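To be precise, the following lines are input36.csv, and they hold CSV, C-alpha atoms.
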chain,number,residue,atom,x,y,z
A,1,MET,CA,-102.3,59.8,54.3
A,2,THR,CA,-105.6,61.5,53.6
A,3,GLU,CA,-106.0,62.9,50.1
A,4,ILE,CA,-107.4,66.4,50.0
A,5,LEU,CA,-109.6,67.4,47.1
A,6,ARG,CA,-110.7,70.9,46.4
A,7,ILE,CA,-114.4,70.7,45.5
A,8,LEU,CA,-115.2,72.8,42.4
A,9,PRO,CA,-118.8,73.7,41.7
A,10,HIS,CA,-120.3,71.5,39.0
A,11,HIS,CA,-117.2,69.3,38.7
A,12,PHE,CA,-118.3,65.8,37.7
A,13,GLU,CA,-115.1,63.9,37.1
A,14,PRO,CA,-115.4,60.8,39.4
A,15,ARG,CA,-112.6,60.4,41.8
A,16,CYS,CA,-111.5,57.7,44.3
A,17,ILE,CA,-110.7,59.1,47.7
A,18,ASN,CA,-109.7,56.7,50.6
A,19,GLY,CA,-111.4,53.8,48.8
A,20,VAL,CA,-114.7,55.6,48.1
A,21,TRP,CA,-115.6,56.8,44.6
A,22,ILE,CA,-117.3,60.2,44.5
A,23,VAL,CA,-118.7,62.6,42.0
A,24,PRO,CA,-117.3,65.8,43.5
A,25,CYS,CA,-120.2,68.2,42.9
A,26,PRO,CA,-122.2,69.5,45.8
A,27,ASP,CA,-125.4,69.4,43.8
A,28,VAL,CA,-124.9,65.7,43.1
A,29,ASN,CA,-123.2,64.1,46.2
A,30,ILE,CA,-122.9,60.6,44.8
A,31,LYS,CA,-120.6,58.1,46.6
A,32,ILE,CA,-119.9,54.5,45.7
A,33,ALA,CA,-118.0,52.0,47.8
A,34,PHE,CA,-117.1,48.3,47.5
A,35,ASP,CA,-116.5,47.5,51.1
A,36,LYS,CA,-119.1,46.4,53.7
A,37,LYS,CA,-117.3,48.6,56.3
A,38,TYR,CA,-119.2,51.6,54.8
A,39,LYS,CA,-122.6,50.0,55.4
A,40,ASN,CA,-124.8,52.2,57.6
A,41,THR,CA,-122.4,55.1,57.4
A,42,ASP,CA,-122.8,58.4,55.5
A,43,GLY,CA,-126.1,57.3,54.0
A,44,PHE,CA,-124.7,54.3,52.1
A,45,ARG,CA,-127.3,51.7,51.0
A,46,ASP,CA,-126.2,48.1,50.4
A,47,LEU,CA,-127.3,47.1,46.9
A,48,GLY,CA,-126.1,43.5,47.2
A,49,LYS,CA,-123.1,41.7,45.8
A,50,PHE,CA,-122.1,41.7,42.2
A,51,ARG,CA,-120.0,38.6,41.6
A,52,ASN,CA,-118.8,38.6,45.3
A,53,VAL,CA,-118.2,42.4,45.3
A,54,PRO,CA,-120.4,44.3,47.7
A,55,VAL,CA,-121.8,47.5,46.2
A,56,LEU,CA,-122.9,50.4,48.4
A,57,ILE,CA,-124.2,53.8,47.1
A,58,SER,CA,-124.9,57.0,48.9
A,59,GLY,CA,-126.7,60.1,47.6
A,60,SER,CA,-129.5,58.7,45.5
A,61,ASN,CA,-133.2,58.5,46.2
A,62,ASP,CA,-135.3,55.3,45.8
A,63,GLU,CA,-136.4,56.2,42.2
A,64,GLU,CA,-132.8,56.4,41.0
A,65,LEU,CA,-131.6,53.2,42.6
A,66,GLY,CA,-131.8,49.6,41.6
A,67,SER,CA,-130.1,46.6,43.3
A,68,ILE,CA,-128.1,43.6,42.2
A,69,ASP,CA,-131.2,41.4,42.4
A,70,ASN,CA,-133.5,44.1,40.9
A,71,PRO,CA,-131.4,46.4,38.7
A,72,LEU,CA,-132.8,49.3,36.6
A,73,PRO,CA,-133.0,48.0,33.0
A,74,SER,CA,-131.3,49.7,30.2
A,75,LYS,CA,-133.5,52.1,28.1
A,76,SER,CA,-132.1,50.6,24.9
A,77,PRO,CA,-133.5,47.4,23.6
A,78,ASP,CA,-130.0,46.5,22.2
A,79,SER,CA,-128.2,46.9,25.5
A,80,LYS,CA,-127.5,44.0,27.9
A,81,ALA,CA,-126.3,46.4,30.6
A,82,ASN,CA,-128.1,46.9,33.9
A,83,TYR,CA,-128.0,49.9,36.2
A,84,LEU,CA,-127.6,50.3,39.9
A,85,MET,CA,-128.2,54.0,39.7
A,86,TRP,CA,-129.6,56.4,37.1
A,87,ARG,CA,-129.8,60.1,37.8
A,88,GLU,CA,-130.7,62.8,35.4
A,89,ARG,CA,-130.4,66.5,36.3
A,90,GLU,CA,-130.2,69.9,34.8
A,91,ILE,CA,-127.7,72.2,36.4
A,92,ASN,CA,-127.1,75.8,35.1
A,93,GLY,CA,-128.8,74.9,31.8
A,94,GLU,CA,-126.7,71.8,31.2
A,95,LYS,CA,-128.2,68.3,31.0
A,96,LEU,CA,-126.5,65.7,33.1
A,97,LEU,CA,-126.8,61.9,33.4
A,98,ILE,CA,-124.8,60.0,36.1
A,99,ALA,CA,-125.2,56.2,36.0
A,100,VAL,CA,-123.6,53.2,37.7
A,101,GLN,CA,-123.7,50.4,35.1
A,102,THR,CA,-123.1,46.6,35.5
A,103,LEU,CA,-122.1,44.3,32.6
A,104,GLU,CA,-122.2,40.6,33.0
A,105,GLU,CA,-119.6,38.4,31.2
A,106,PHE,CA,-119.8,38.3,27.4
A,107,THR,CA,-122.3,41.2,27.1
A,108,MET,CA,-122.4,44.6,25.4
A,109,THR,CA,-124.3,47.9,25.6
A,110,SER,CA,-126.0,49.5,22.7
A,111,HIS,CA,-123.9,51.1,19.9
A,112,HIS,CA,-124.7,54.8,19.8
A,113,GLN,CA,-123.5,58.3,19.7
A,114,HIS,CA,-124.4,61.6,21.2
A,115,GLY,CA,-125.0,64.7,19.0
A,116,SER,CA,-124.2,67.4,21.6
A,117,SER,CA,-123.0,65.8,24.7
A,118,GLU,CA,-119.7,64.2,26.0
A,119,GLU,CA,-119.6,61.1,28.1
A,120,LYS,CA,-116.9,60.0,30.5
A,121,PHE,CA,-116.5,56.4,31.7
A,122,ARG,CA,-114.6,55.2,34.8
A,123,ARG,CA,-114.0,51.5,35.2
A,124,LEU,CA,-114.6,50.8,38.9
A,125,VAL,CA,-114.5,46.9,39.0
A,126,GLY,CA,-113.6,44.2,36.5
A,127,LYS,CA,-112.4,44.3,32.9
A,128,LEU,CA,-114.0,46.6,30.4
A,129,TYR,CA,-113.6,47.2,26.7
A,130,SER,CA,-115.0,49.9,24.4
A,131,TYR,CA,-115.8,49.9,20.7
A,132,HIS,CA,-114.9,53.5,20.2
A,133,ASN,CA,-115.1,55.0,16.7
A,134,GLU,CA,-115.0,51.4,15.3
A,135,GLU,CA,-111.8,50.6,17.2
A,136,VAL,CA,-111.7,48.1,20.1
A,137,MET,CA,-109.8,49.4,23.1
A,138,ARG,CA,-109.5,48.3,26.7
A,139,VAL,CA,-110.6,50.8,29.4
A,140,SER,CA,-107.9,50.4,32.0
A,141,ASP,CA,-109.1,53.5,33.9
A,142,LYS,CA,-111.2,56.0,32.1
A,143,LEU,CA,-112.4,56.9,28.7
A,144,LYS,CA,-113.7,60.2,27.3
A,145,VAL,CA,-116.2,60.1,24.4
A,146,LEU,CA,-116.8,63.4,22.5
A,147,PRO,CA,-120.0,64.4,20.7
A,148,GLY,CA,-120.4,62.4,17.5
A,149,ASP,CA,-118.1,59.6,18.6
A,150,SER,CA,-119.6,56.2,18.1
A,151,HIS,CA,-119.2,53.8,21.1
A,152,LEU,CA,-120.4,50.9,23.1
A,153,SER,CA,-119.0,49.1,26.2
A,154,PHE,CA,-118.5,45.3,26.4
A,155,THR,CA,-117.0,42.6,28.5
A,156,THR,CA,-115.5,39.2,27.7
A,157,ASP,CA,-114.8,36.7,30.5
A,158,GLN,CA,-114.9,39.2,33.4
A,159,VAL,CA,-117.7,41.4,34.6
A,160,ALA,CA,-117.4,45.2,34.9
A,161,ILE,CA,-118.9,47.9,37.0
A,162,THR,CA,-118.6,51.4,35.5
A,163,ILE,CA,-119.7,54.9,36.4
A,164,LEU,CA,-120.6,57.1,33.5
A,165,VAL,CA,-121.2,60.8,33.4
A,166,GLN,CA,-122.8,62.3,30.3
A,167,ARG,CA,-123.3,66.1,30.0
A,168,GLY,CA,-124.2,68.6,27.4
A,169,GLU,CA,-127.1,70.4,25.7
A,170,ASP,CA,-129.1,67.1,25.9
A,171,ILE,CA,-128.4,63.5,26.8
A,172,VAL,CA,-130.0,61.9,23.8
A,173,HIS,CA,-128.7,58.6,22.5
A,174,ASP,CA,-128.6,58.2,18.7
A,175,TYR,CA,-128.6,54.4,18.1
A,176,LEU,CA,-126.4,52.8,15.5
A,177,GLN,CA,-126.2,49.3,14.0
A,178,GLN,CA,-124.9,46.8,16.5
A,179,PRO,CA,-121.6,45.1,15.6
A,180,ASN,CA,-121.2,41.4,15.8
A,181,TYR,CA,-120.3,40.4,19.4
A,182,GLU,CA,-118.0,37.6,18.2
A,183,PHE,CA,-116.0,40.2,16.2
A,184,LEU,CA,-115.6,42.4,19.3
A,185,GLU,CA,-114.6,39.4,21.5
A,186,GLU,CA,-112.0,38.3,19.0
A,187,GLN,CA,-110.5,41.8,18.7
A,188,ALA,CA,-110.4,42.1,22.6
A,189,TYR,CA,-108.4,38.8,22.8
A,190,LEU,CA,-106.0,40.0,20.1
A,191,LEU,CA,-105.6,43.2,22.0
A,192,ASP,CA,-104.9,41.4,25.3
A,193,ASN,CA,-102.3,39.3,23.6
A,194,GLN,CA,-100.7,42.3,22.1
A,195,LEU,CA,-100.6,44.1,25.5
A,196,GLY,CA,-99.4,40.9,27.2
A,197,GLN,CA,-102.4,40.5,29.5

Is it possible to give me this structure as structure tokens?
Amino acid sequence: MTEILRILPHHFEPRCINGVWIVPCPDVNIKIAFDKKYKNTDGFRDLGKFRNVPVLISGSNDEELGSIDNPLPSKSPDSKANYLMWREREINGEKLLIAVQTLEEFTMTSHHQHGSSEEKFRRLVGKLYSYHNEEVMRVSDKLKVLPGDSHLSFTTDQVAITILVQRGEDIVHDYLQQPNYEFLEEQAYLLDNQLGQ
């Protein structure tokens, strides 16, 4: 059965429709797929395989795209994340960042907060954790981070691919002291045991 989605202007919540992730805003038109059947269709570009998962993205220009073999580096010196896509826009006076992030096993992003913008994460592939306001949580589907919330993303023994959408008056990152990774890993394993997974 085909899912019907009403497209709202400037609606940026990533959605999965018929196996394709979209950011349903006509001014953005980002699509992400993890199946080779989409190659050479609808403008999809094959970015390579991330741990045996094919990654295809449509709707970005060359300057906004990396690849599995040549990802866009993080702009933070503390972050070990890489980016397959990084798009910054201003729409109706609002700043917007949309990025597709990859995290290898046992890595973490920078610890930071945003003064005037919110950020939404959708876990697309793998297993993802967040250190959100000094509490470790598992991101089973999505996570919303409000202005002033401290946060970072991290993995343990599985990789993760995430799409993030940050929007607000600006998209500035205010960097905070990095926590000890071993502490985060220990808390993640305790959380998994508690949740029975």

CA of Trp21 (chain A) to CA of Leu124 (chain A), distance in Å rounded to a single decimal: 8.3 Å

Residue contacts of Ser60 (chain A) (10 Å, all atoms listed in the file) excluding same-chain residues fewer than 3 positions away, as a list in words: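 Using all atoms listed in the file, the neighbours found are Val28, Asn29, Ile30, Lys31, Gly43, Phe44, Arg45, Ile57, Glu63, Glu64, Leu65, Met85, Trp86 and Arg87 of chain A.
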
Could you turn the residues from that selection into a file that holds C-alpha atoms, as a compact mmCIF listing (two decimals), in the frame of the given file?
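The resulting again-v8.txt:
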# COMPACT_ATOMS: atom_id res chain seq x y z
CA VAL A 28 -124.90 65.70 43.10
CA ASN A 29 -123.20 64.10 46.20
CA ILE A 30 -122.90 60.60 44.80
CA LYS A 31 -120.60 58.10 46.60
CA GLY A 43 -126.10 57.30 54.00
CA PHE A 44 -124.70 54.30 52.10
CA ARG A 45 -127.30 51.70 51.00
CA ILE A 57 -124.20 53.80 47.10
CA GLU A 63 -136.40 56.20 42.20
CA GLU A 64 -132.80 56.40 41.00
CA LEU A 65 -131.60 53.20 42.60
CA MET A 85 -128.20 54.00 39.70
CA TRP A 86 -129.60 56.40 37.10
CA ARG A 87 -129.80 60.10 37.80

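Look at Leu195 (chain A): the protein and nucleic acid residues within 12 Å of it, using all atoms listed in the file and passing over chain neighbours fewer than 5 places away, are Met137, Arg138, Ser140, Ala188, Tyr189 and Leu190 of chain A.
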
Nearest residue to Ile68 (chain A) from the set A:Gln194, A:Gly148, A:Ile161, A:Arg122 (distances using all atoms listed in the file):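 Closest candidate: A:Ile161.
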
Between CA of Gln158 (chain A) and CA of Gln178 (chain A) - distance in Å to one decimal: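 CA of Gln178 (chain A) sits 21.1 Å away from CA of Gln158 (chain A).
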
Residue among A:Glu185, A:Asp192, A:Asp141, A:Glu90 lying closest to Gln166 (chain A), counting all atoms listed in the file: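 So, comparing all the options, the nearest one is A:Glu90.
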
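Distances from A:Pro179, A:Pro26, A:Gly126, A:Gly66 to Ser150 (chain A) were compared using only C-alpha atoms, and the smallest one belongs to A:Pro179.
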
Polymer residues at most 12 Å from Ala33 (chain A), all atoms listed in the file, same-chain spacing of 5 or more positions, as number ranges by chain: A: 15-22, 38-49, 53-59, 100, 124-125, 161, 163

Pick from A:Asp69, A:Asp62, A:Asp157, A:Asp170, whichever lies nearest to Gly115 (chain A) using all atoms listed in the file: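 Looking only at the distances to Gly115 (chain A), the closest residue turns out to be A:Asp170.
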
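Proximity to Asn70 (chain A) was assessed for A:Lys95, A:Glu88, A:Thr156, A:Thr102 counting all atoms listed in the file; the smallest distance is recorded for A:Thr102.
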
Distance query 7 Å from (-124.5, 46.7, 32.6) using only C-alpha atoms, result as a PyMOL selection string: chain A and resi 80-83+101-104

Produce a file of the selected residues containing C-alpha atoms, as a tab-separated table (two decimals), in the coordinates of the input.
chain	number	residue	atom	x	y	z
A	80	LYS	CA	-127.50	44.00	27.90
A	81	ALA	CA	-126.30	46.40	30.60
A	82	ASN	CA	-128.10	46.90	33.90
A	83	TYR	CA	-128.00	49.90	36.20
A	101	GLN	CA	-123.70	50.40	35.10
A	102	THR	CA	-123.10	46.60	35.50
A	103	LEU	CA	-122.10	44.30	32.60
A	104	GLU	CA	-122.20	40.60	33.00

Distance criterion (only C-alpha atoms): nearest to Lys75 (chain A) out of A:Val136, A:Val172, A:Leu143, A:Cys25: A:Val172

Test item: residues at most 12 Å from region 106-113 of chain A, only C-alpha atoms, excluding those fewer than 6 positions along its chain, as number ranges by chain: A: 73-83, 119, 127-134, 145-160, 162, 166, 171-186, 188

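CA of Ser67 (chain A) is found 5.6 Å from CA of Leu84 (chain A).
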
Got a sec to check which residues sit within 7 Å of (-121.1, 58.4, 36.5), counting only C-alpha atoms, and write them as a short mmCIF file (atom, residue, chain, number, x, y, z; two decimals) with C-alpha atoms, in the frame of the given file?
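Once written, selection.cif looks like this:
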data_model
loop_
_atom_site.label_atom_id
_atom_site.label_comp_id
_atom_site.auth_asym_id
_atom_site.auth_seq_id
_atom_site.Cartn_x
_atom_site.Cartn_y
_atom_site.Cartn_z
CA PRO A 14 -115.40 60.80 39.40
CA ILE A 98 -124.80 60.00 36.10
CA ALA A 99 -125.20 56.20 36.00
CA VAL A 100 -123.60 53.20 37.70
CA PHE A 121 -116.50 56.40 31.70
CA ILE A 163 -119.70 54.90 36.40
CA LEU A 164 -120.60 57.10 33.50
CA VAL A 165 -121.20 60.80 33.40
#

Generate the coordinates of all heavy atoms for region 40-51 of chain A; report them as a short mmCIF file (atom, residue, chain, number, x, y, z; two decimals), keeping the file's coordinate frame.
data_model
loop_
_atom_site.label_atom_id
_atom_site.label_comp_id
_atom_site.auth_asym_id
_atom_site.auth_seq_id
_atom_site.Cartn_x
_atom_site.Cartn_y
_atom_site.Cartn_z
N ASN A 40 -124.23 51.42 56.55
CA ASN A 40 -124.80 52.20 57.60
C ASN A 40 -123.97 53.43 58.04
O ASN A 40 -124.08 53.93 59.15
CB ASN A 40 -125.07 51.34 58.89
CG ASN A 40 -126.01 50.19 58.58
OD1 ASN A 40 -126.99 50.36 57.85
ND2 ASN A 40 -125.72 49.02 59.10
N THR A 41 -123.12 53.89 57.14
CA THR A 41 -122.40 55.10 57.40
C THR A 41 -122.65 56.07 56.22
O THR A 41 -122.81 55.64 55.06
CB THR A 41 -120.86 54.88 57.46
OG1 THR A 41 -120.37 54.47 56.17
CG2 THR A 41 -120.51 53.84 58.49
N ASP A 42 -122.72 57.34 56.48
CA ASP A 42 -122.80 58.40 55.50
C ASP A 42 -123.90 58.15 54.44
O ASP A 42 -123.76 58.46 53.26
CB ASP A 42 -121.43 58.50 54.75
CG ASP A 42 -121.21 59.88 54.15
OD1 ASP A 42 -121.94 60.82 54.53
OD2 ASP A 42 -120.33 60.02 53.27
N GLY A 43 -124.98 57.52 54.85
CA GLY A 43 -126.10 57.30 54.00
C GLY A 43 -125.95 56.18 52.96
O GLY A 43 -126.77 56.04 52.05
N PHE A 44 -124.92 55.36 53.10
CA PHE A 44 -124.70 54.30 52.10
C PHE A 44 -125.81 53.23 52.23
O PHE A 44 -126.19 52.82 53.32
CB PHE A 44 -123.35 53.59 52.37
CG PHE A 44 -122.19 54.28 51.72
CD1 PHE A 44 -121.30 55.02 52.47
CD2 PHE A 44 -122.02 54.21 50.35
CE1 PHE A 44 -120.24 55.66 51.87
CE2 PHE A 44 -120.95 54.86 49.74
CZ PHE A 44 -120.06 55.59 50.50
N ARG A 45 -126.28 52.82 51.06
CA ARG A 45 -127.30 51.70 51.00
C ARG A 45 -126.58 50.53 50.35
O ARG A 45 -125.88 50.64 49.35
CB ARG A 45 -128.45 52.14 50.13
CG ARG A 45 -129.25 53.24 50.75
CD ARG A 45 -130.61 53.25 50.13
NE ARG A 45 -131.09 54.60 49.98
CZ ARG A 45 -132.21 54.92 49.38
NH1 ARG A 45 -132.96 53.99 48.85
NH2 ARG A 45 -132.59 56.15 49.28
N ASP A 46 -126.82 49.37 50.93
CA ASP A 46 -126.20 48.10 50.40
C ASP A 46 -127.12 47.60 49.31
O ASP A 46 -128.29 47.28 49.51
CB ASP A 46 -126.20 47.11 51.60
CG ASP A 46 -125.49 45.82 51.23
OD1 ASP A 46 -125.20 45.61 50.03
OD2 ASP A 46 -125.24 45.02 52.15
N LEU A 47 -126.56 47.54 48.09
CA LEU A 47 -127.30 47.10 46.90
C LEU A 47 -127.10 45.62 46.62
O LEU A 47 -127.62 45.12 45.63
CB LEU A 47 -126.94 47.94 45.70
CG LEU A 47 -127.14 49.45 45.86
CD1 LEU A 47 -126.86 50.15 44.54
CD2 LEU A 47 -128.53 49.79 46.36
N GLY A 48 -126.33 44.92 47.45
CA GLY A 48 -126.10 43.50 47.20
C GLY A 48 -124.66 43.28 46.71
O GLY A 48 -123.86 44.20 46.60
N LYS A 49 -124.38 42.02 46.38
CA LYS A 49 -123.10 41.70 45.80
C LYS A 49 -123.16 41.37 44.36
O LYS A 49 -124.03 40.62 43.92
CB LYS A 49 -122.51 40.43 46.57
CG LYS A 49 -122.01 40.71 47.96
CD LYS A 49 -121.31 39.49 48.52
CE LYS A 49 -120.70 39.78 49.87
NZ LYS A 49 -119.99 38.62 50.40
N PHE A 50 -122.24 41.97 43.61
CA PHE A 50 -122.10 41.70 42.20
C PHE A 50 -120.88 40.86 41.99
O PHE A 50 -119.76 41.35 42.12
CB PHE A 50 -122.03 43.01 41.39
CG PHE A 50 -122.01 42.83 39.90
CD1 PHE A 50 -123.12 42.34 39.23
CD2 PHE A 50 -120.90 43.18 39.15
CE1 PHE A 50 -123.11 42.18 37.86
CE2 PHE A 50 -120.88 43.03 37.77
CZ PHE A 50 -121.99 42.52 37.12
N ARG A 51 -121.07 39.55 41.74
CA ARG A 51 -120.00 38.60 41.60
C ARG A 51 -119.01 38.71 42.80
O ARG A 51 -117.81 38.93 42.65
CB ARG A 51 -119.21 38.81 40.30
CG ARG A 51 -120.01 38.49 39.05
CD ARG A 51 -120.35 37.02 39.01
NE ARG A 51 -120.83 36.63 37.71
CZ ARG A 51 -122.12 36.57 37.38
NH1 ARG A 51 -123.04 36.87 38.26
NH2 ARG A 51 -122.47 36.19 36.16
#
